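Below: one structure, written as structure tokens.
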Amino acid sequence: MHNFEFSNLKWSQKPVTPNQWEVIIKGVVIAGTKSGSGKTTLSLGIMAALAKRGFGVAPFKVGPDFIDPGHHRRITGMTCRNLDGWMLSKEYNLENFERNTQDSDMAVVEGVMGLYDGYDGKSEAGSTAQMAKWLGLPVILVVDAKSMARSAAAVIMGFERFDPGLHFAGVIFNNLGSHRHLQYLIDAVGENVKIPSLGGLVIDEKIAIPERHLGLVTQEDHTLDQETINLLADIVEKSIDLDLLVKNLPEINISKHLKPLSRGPRNKNVRIAVAKDNAFCFYYQDNLELLEGQGAELAFFSPIAGDNLPQDIDGLYIGGGYPELFGNKLAKNRKLRDRIKEKSDAGMPIYGECGGFMYLCEALLDQHGKRYPMSGCFPFTTRMFPRLKALGYREITLTRDTVIGNQGMIVRGHEFHYSELIINTPDVPNAYRISDRSGLDKPPDGYVVKRTLGSYNHLHFGSQPQAAKHFVENCLAYQCQKEKRI
């Protein structure tokens, strides 16, 4: 924790009780008028500029996104946390924010979609605006000003007046044609709205991040090098009044509890293998830490690097990602594929979601029909499509006992994929009853073979902490079975 003096303001921490400190930080939410307005670029640039000045920046992302948090982590050096008004309770979000800002000076929260976009047109539920009010943070509004002039002021006026309960730290214009264009917009805004203008970015291809079908390319595949990070920081410093922004941000009091997070019993060491590489990189950090909080030791390995399973494991977790981009490498690593199938047949608890589920199936077909053999735990084939096959929030009710919970347990998550399932053997039981955020039923999902559970859904264990507890308990039971056999 730094103790900065900046623009005559000071960040500090002071004792409240012997076991608690009060931490004073600042924070801001960066939101767009719409998706694609440039909020990710601005978020990364502001994080880079603040970090370059020496601030400890705690990054957050609203929504279920896996990709942007990786870039946040690369720039700030701190793990980005997902905040979500639908998957997670208000209490969980607030605790998550408080716990993960205790060693920082600034919190930067990147929004999702447009500022007021949520689950429906009737309420703020699930929106960036709702999260900003929950956290008590002001908002920077990012406006895509391409081909706009004085009309931009009318857009900003509408956002300013739409919700009187929301506070704005400023407006930043993106995709400017020139610095003269920026001055035109500042003049228009200055006469009509109260939100201060903080500057704007002229179109610059040098700071564009490549995209693929799920959004930006992941940090694993497109690591932001230090030169690009410095460029982002320099552009923000030159284009945005960062001094004014930081000066005007209100101070936030965060209670810092010195008592560590409670841990699960460690009388027996449960070891869970976690696939982690460019093919399998979609994990909520909370999920991993909740498993550790239940006493599990996590052992990471890379299927595309040719790794075998780690030694002495009691469970296996394969998250989502892009297995279709690494079909050849995954198929060539037959030793690992066979080993995973052996563990599944032996009753080891295995949990795979989305890309991990695809890897647990018999084969993967790419868009050209080329077939890549996978691990074969499920008698299914997955086939890639050029268009989106499923997208949206999901509420899962378990219809049978599984490695992550017993019948009747409810957990929330998200589904987003470009592949579909070809069921070769129809008698594999389902374990999930699924509804979307509106309550409409979706086709059943969640397949079970022995103690192997696979699904297209990315579940957030923070929505149901018993899921992590149940998985670790199943791994412990498997460990005991192994010891008896020995």
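As shown in the structure tokens, the chain order sets the letters A, B, ...; within each chain, residues go from 1, and ligands are also counted from 1 in the order they appear.
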Non-local contacts of Ala390 (chain A) (12 Å; only C-alpha atoms; under 2 positions in same chain excluded) as a PDB file with N, CA and C atoms, in the first residue's frame:
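Written output follows (out-v6.pdb):
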ATOM      1  N   LEU A 214     -14.854 -14.439 -29.962  1.00  0.00           N
ATOM      2  CA  LEU A 214     -15.403 -14.210 -28.634  1.00  0.00           C
ATOM      3  C   LEU A 214     -15.070 -12.820 -28.100  1.00  0.00           C
ATOM      4  N   CYS A 354     -17.470 -25.653 -21.029  1.00  0.00           N
ATOM      5  CA  CYS A 354     -17.326 -25.072 -22.354  1.00  0.00           C
ATOM      6  C   CYS A 354     -16.139 -25.695 -23.092  1.00  0.00           C
ATOM      7  N   PHE A 385     -18.922 -23.722 -35.600  1.00  0.00           N
ATOM      8  CA  PHE A 385     -19.712 -22.989 -36.576  1.00  0.00           C
ATOM      9  C   PHE A 385     -19.145 -21.576 -36.719  1.00  0.00           C
ATOM     10  N   ARG A 387     -20.915 -18.976 -36.796  1.00  0.00           N
ATOM     11  CA  ARG A 387     -21.826 -18.047 -36.126  1.00  0.00           C
ATOM     12  C   ARG A 387     -22.058 -18.493 -34.680  1.00  0.00           C
ATOM     13  N   LEU A 388     -22.534 -17.552 -33.903  1.00  0.00           N
ATOM     14  CA  LEU A 388     -22.783 -17.808 -32.493  1.00  0.00           C
ATOM     15  C   LEU A 388     -23.919 -18.815 -32.315  1.00  0.00           C
ATOM     16  N   GLY A 392     -25.648 -16.023 -23.233  1.00  0.00           N
ATOM     17  CA  GLY A 392     -26.512 -15.481 -22.199  1.00  0.00           C
ATOM     18  C   GLY A 392     -26.255 -16.046 -20.823  1.00  0.00           C
ATOM     19  N   TYR A 393     -26.850 -15.382 -19.833  1.00  0.00           N
ATOM     20  CA  TYR A 393     -26.772 -15.854 -18.460  1.00  0.00           C
ATOM     21  C   TYR A 393     -27.622 -17.107 -18.295  1.00  0.00           C
ATOM     22  N   ARG A 394     -27.202 -17.963 -17.374  1.00  0.00           N
ATOM     23  CA  ARG A 394     -27.916 -19.201 -17.121  1.00  0.00           C
ATOM     24  C   ARG A 394     -28.011 -19.463 -15.607  1.00  0.00           C
ATOM     25  N   HIS A 414     -22.823 -18.487 -17.102  1.00  0.00           N
ATOM     26  CA  HIS A 414     -22.931 -17.813 -18.394  1.00  0.00           C
ATOM     27  C   HIS A 414     -22.564 -18.796 -19.486  1.00  0.00           C
ATOM     28  N   GLU A 415     -23.215 -18.654 -20.637  1.00  0.00           N
ATOM     29  CA  GLU A 415     -22.950 -19.536 -21.778  1.00  0.00           C
ATOM     30  C   GLU A 415     -22.614 -18.698 -22.999  1.00  0.00           C
ATOM     31  N   PHE A 416     -21.539 -19.069 -23.711  1.00  0.00           N
ATOM     32  CA  PHE A 416     -21.106 -18.305 -24.888  1.00  0.00           C
ATOM     33  C   PHE A 416     -20.221 -19.215 -25.730  1.00  0.00           C
ATOM     34  N   HIS A 417     -20.736 -19.702 -26.852  1.00  0.00           N
ATOM     35  CA  HIS A 417     -19.908 -20.597 -27.666  1.00  0.00           C
ATOM     36  C   HIS A 417     -20.375 -20.624 -29.118  1.00  0.00           C
ATOM     37  N   TYR A 418     -19.453 -21.052 -29.967  1.00  0.00           N
ATOM     38  CA  TYR A 418     -19.676 -21.137 -31.408  1.00  0.00           C
ATOM     39  C   TYR A 418     -19.719 -22.589 -31.886  1.00  0.00           C
ATOM     40  N   SER A 419     -19.844 -23.510 -30.981  1.00  0.00           N
ATOM     41  CA  SER A 419     -19.895 -24.922 -31.369  1.00  0.00           C
ATOM     42  C   SER A 419     -21.210 -25.526 -30.911  1.00  0.00           C
ATOM     43  N   GLU A 420     -21.523 -26.699 -31.454  1.00  0.00           N
ATOM     44  CA  GLU A 420     -22.706 -27.421 -31.020  1.00  0.00           C
ATOM     45  C   GLU A 420     -22.329 -28.862 -30.723  1.00  0.00           C
ATOM     46  N   LEU A 421     -23.196 -29.522 -29.987  1.00  0.00           N
ATOM     47  CA  LEU A 421     -22.953 -30.881 -29.541  1.00  0.00           C
ATOM     48  C   LEU A 421     -23.630 -31.881 -30.464  1.00  0.00           C
ATOM     49  N   ASP A 436     -32.786 -19.133 -18.478  1.00  0.00           N
ATOM     50  CA  ASP A 436     -32.003 -17.915 -18.707  1.00  0.00           C
ATOM     51  C   ASP A 436     -32.412 -16.860 -17.684  1.00  0.00           C
ATOM     52  N   LYS A 442     -34.320 -23.455 -20.929  1.00  0.00           N
ATOM     53  CA  LYS A 442     -33.434 -23.774 -22.044  1.00  0.00           C
ATOM     54  C   LYS A 442     -33.282 -25.295 -22.114  1.00  0.00           C
ATOM     55  N   PRO A 443     -32.762 -25.814 -23.222  1.00  0.00           N
ATOM     56  CA  PRO A 443     -32.545 -27.267 -23.302  1.00  0.00           C
ATOM     57  C   PRO A 443     -31.664 -27.755 -22.157  1.00  0.00           C
ATOM     58  N   TYR A 456     -21.568 -26.844 -21.272  1.00  0.00           N
ATOM     59  CA  TYR A 456     -21.169 -25.629 -21.977  1.00  0.00           C
ATOM     60  C   TYR A 456     -21.183 -24.404 -21.067  1.00  0.00           C
ATOM     61  N   ASN A 457     -21.732 -24.527 -19.882  1.00  0.00           N
ATOM     62  CA  ASN A 457     -21.915 -23.373 -19.014  1.00  0.00           C
ATOM     63  C   ASN A 457     -20.680 -23.082 -18.164  1.00  0.00           C
TER      64      ASN A 457
END
What's the 10 Å shell around Lys34 (chain A), counting only C-alpha atoms, without same-chain residues fewer than 4 positions away, as a ChimeraX atom specification?
/A:38-39,112-117,142-144
Region 39-241 of chain A: residues DSSP assigns to strand (DSSP E), reported as a VMD selection string
chain A and resid 57 to 62 81 to 83 106 to 114 139 to 144 168 to 176 197 to 202 211 to 212 215 to 216
Among region 311-415 of chain A, which ones does DSSP place in alpha helix (DSSP H), written as a list in words?
Gly327, Asn328, Lys329, Leu330, Ala331, Lys332, Arg334, Lys335, Leu336, Arg337, Asp338, Arg339, Ile340, Lys341, Glu342, Lys343, Ser344, Asp345, Gly355, Gly356, Phe357, Met358, Tyr359 and Leu360 of chain A
Got a sec: who's within 8 Å of region 319-328 of chain A, counting only C-alpha atoms, leaving out chain neighbours fewer than 3 positions off, as number ranges by chain?
A: 274-276, 278-283, 304, 331-332, 352-359, 364, 366, 372, 384, 458
Since we have the selection now, will you write its residues out, keeping N, CA and C atoms, as a PDB file, in the first residue's frame?
ATOM      1  N   VAL A 274      -5.384 -28.424 -12.652  1.00  0.00           N
ATOM      2  CA  VAL A 274      -6.117 -27.396 -13.397  1.00  0.00           C
ATOM      3  C   VAL A 274      -5.408 -27.154 -14.720  1.00  0.00           C
ATOM      4  N   ALA A 275      -6.105 -27.396 -15.834  1.00  0.00           N
ATOM      5  CA  ALA A 275      -5.533 -27.133 -17.162  1.00  0.00           C
ATOM      6  C   ALA A 275      -5.472 -25.628 -17.378  1.00  0.00           C
ATOM      7  N   LYS A 276      -4.284 -25.100 -17.652  1.00  0.00           N
ATOM      8  CA  LYS A 276      -4.127 -23.646 -17.782  1.00  0.00           C
ATOM      9  C   LYS A 276      -3.091 -23.345 -18.853  1.00  0.00           C
ATOM     10  N   ASN A 278      -2.972 -21.482 -23.301  1.00  0.00           N
ATOM     11  CA  ASN A 278      -3.677 -20.676 -24.296  1.00  0.00           C
ATOM     12  C   ASN A 278      -4.992 -21.300 -24.744  1.00  0.00           C
ATOM     13  N   ALA A 279      -5.100 -22.625 -24.650  1.00  0.00           N
ATOM     14  CA  ALA A 279      -6.337 -23.306 -25.049  1.00  0.00           C
ATOM     15  C   ALA A 279      -7.372 -23.277 -23.947  1.00  0.00           C
ATOM     16  N   PHE A 280      -6.925 -23.275 -22.686  1.00  0.00           N
ATOM     17  CA  PHE A 280      -7.829 -23.322 -21.540  1.00  0.00           C
ATOM     18  C   PHE A 280      -7.450 -22.213 -20.564  1.00  0.00           C
ATOM     19  N   CYS A 281      -8.009 -21.046 -20.777  1.00  0.00           N
ATOM     20  CA  CYS A 281      -7.600 -19.878 -20.000  1.00  0.00           C
ATOM     21  C   CYS A 281      -8.784 -19.112 -19.413  1.00  0.00           C
ATOM     22  N   PHE A 282      -9.992 -19.660 -19.553  1.00  0.00           N
ATOM     23  CA  PHE A 282     -11.168 -18.957 -19.041  1.00  0.00           C
ATOM     24  C   PHE A 282     -11.542 -19.505 -17.655  1.00  0.00           C
ATOM     25  N   TYR A 283     -11.045 -18.837 -16.640  1.00  0.00           N
ATOM     26  CA  TYR A 283     -11.352 -19.194 -15.257  1.00  0.00           C
ATOM     27  C   TYR A 283     -11.676 -17.925 -14.486  1.00  0.00           C
ATOM     28  N   ILE A 304      -1.594 -28.285 -24.201  1.00  0.00           N
ATOM     29  CA  ILE A 304      -1.021 -28.027 -25.527  1.00  0.00           C
ATOM     30  C   ILE A 304       0.505 -28.032 -25.499  1.00  0.00           C
ATOM     31  N   ALA A 331      -4.729 -32.979 -30.021  1.00  0.00           N
ATOM     32  CA  ALA A 331      -4.885 -34.340 -30.548  1.00  0.00           C
ATOM     33  C   ALA A 331      -3.567 -35.109 -30.482  1.00  0.00           C
ATOM     34  N   LYS A 332      -2.448 -34.424 -30.734  1.00  0.00           N
ATOM     35  CA  LYS A 332      -1.147 -35.098 -30.727  1.00  0.00           C
ATOM     36  C   LYS A 332      -0.730 -35.562 -29.340  1.00  0.00           C
ATOM     37  N   GLY A 352     -15.478 -30.169 -16.317  1.00  0.00           N
ATOM     38  CA  GLY A 352     -15.085 -29.423 -17.504  1.00  0.00           C
ATOM     39  C   GLY A 352     -16.213 -28.529 -17.963  1.00  0.00           C
ATOM     40  N   GLU A 353     -15.877 -27.283 -18.327  1.00  0.00           N
ATOM     41  CA  GLU A 353     -16.916 -26.375 -18.797  1.00  0.00           C
ATOM     42  C   GLU A 353     -16.510 -25.723 -20.105  1.00  0.00           C
ATOM     43  N   CYS A 354     -17.470 -25.653 -21.029  1.00  0.00           N
ATOM     44  CA  CYS A 354     -17.326 -25.072 -22.354  1.00  0.00           C
ATOM     45  C   CYS A 354     -16.139 -25.695 -23.092  1.00  0.00           C
ATOM     46  N   GLY A 355     -15.040 -24.962 -23.292  1.00  0.00           N
ATOM     47  CA  GLY A 355     -13.896 -25.538 -23.989  1.00  0.00           C
ATOM     48  C   GLY A 355     -13.368 -26.782 -23.311  1.00  0.00           C
ATOM     49  N   GLY A 356     -13.401 -26.805 -21.981  1.00  0.00           N
ATOM     50  CA  GLY A 356     -12.980 -27.988 -21.247  1.00  0.00           C
ATOM     51  C   GLY A 356     -13.913 -29.160 -21.478  1.00  0.00           C
ATOM     52  N   PHE A 357     -15.209 -28.876 -21.589  1.00  0.00           N
ATOM     53  CA  PHE A 357     -16.185 -29.910 -21.914  1.00  0.00           C
ATOM     54  C   PHE A 357     -15.925 -30.466 -23.308  1.00  0.00           C
ATOM     55  N   MET A 358     -15.611 -29.596 -24.251  1.00  0.00           N
ATOM     56  CA  MET A 358     -15.303 -30.042 -25.611  1.00  0.00           C
ATOM     57  C   MET A 358     -14.108 -31.000 -25.608  1.00  0.00           C
ATOM     58  N   TYR A 359     -13.126 -30.692 -24.769  1.00  0.00           N
ATOM     59  CA  TYR A 359     -11.932 -31.534 -24.683  1.00  0.00           C
ATOM     60  C   TYR A 359     -12.245 -32.891 -24.050  1.00  0.00           C
ATOM     61  N   LEU A 364     -13.460 -33.247 -31.847  1.00  0.00           N
ATOM     62  CA  LEU A 364     -13.814 -31.872 -32.181  1.00  0.00           C
ATOM     63  C   LEU A 364     -13.707 -31.714 -33.688  1.00  0.00           C
ATOM     64  N   ASP A 366     -13.588 -28.997 -36.749  1.00  0.00           N
ATOM     65  CA  ASP A 366     -13.456 -27.569 -37.010  1.00  0.00           C
ATOM     66  C   ASP A 366     -14.442 -27.140 -38.097  1.00  0.00           C
ATOM     67  N   TYR A 372     -10.543 -33.807 -34.910  1.00  0.00           N
ATOM     68  CA  TYR A 372      -9.444 -33.926 -33.958  1.00  0.00           C
ATOM     69  C   TYR A 372      -9.918 -34.796 -32.787  1.00  0.00           C
ATOM     70  N   MET A 384     -17.630 -26.970 -34.712  1.00  0.00           N
ATOM     71  CA  MET A 384     -17.534 -25.516 -34.747  1.00  0.00           C
ATOM     72  C   MET A 384     -18.389 -24.926 -35.861  1.00  0.00           C
ATOM     73  N   HIS A 458     -20.303 -21.811 -18.111  1.00  0.00           N
ATOM     74  CA  HIS A 458     -19.267 -21.338 -17.198  1.00  0.00           C
ATOM     75  C   HIS A 458     -19.966 -20.951 -15.893  1.00  0.00           C
TER      76      HIS A 458
END
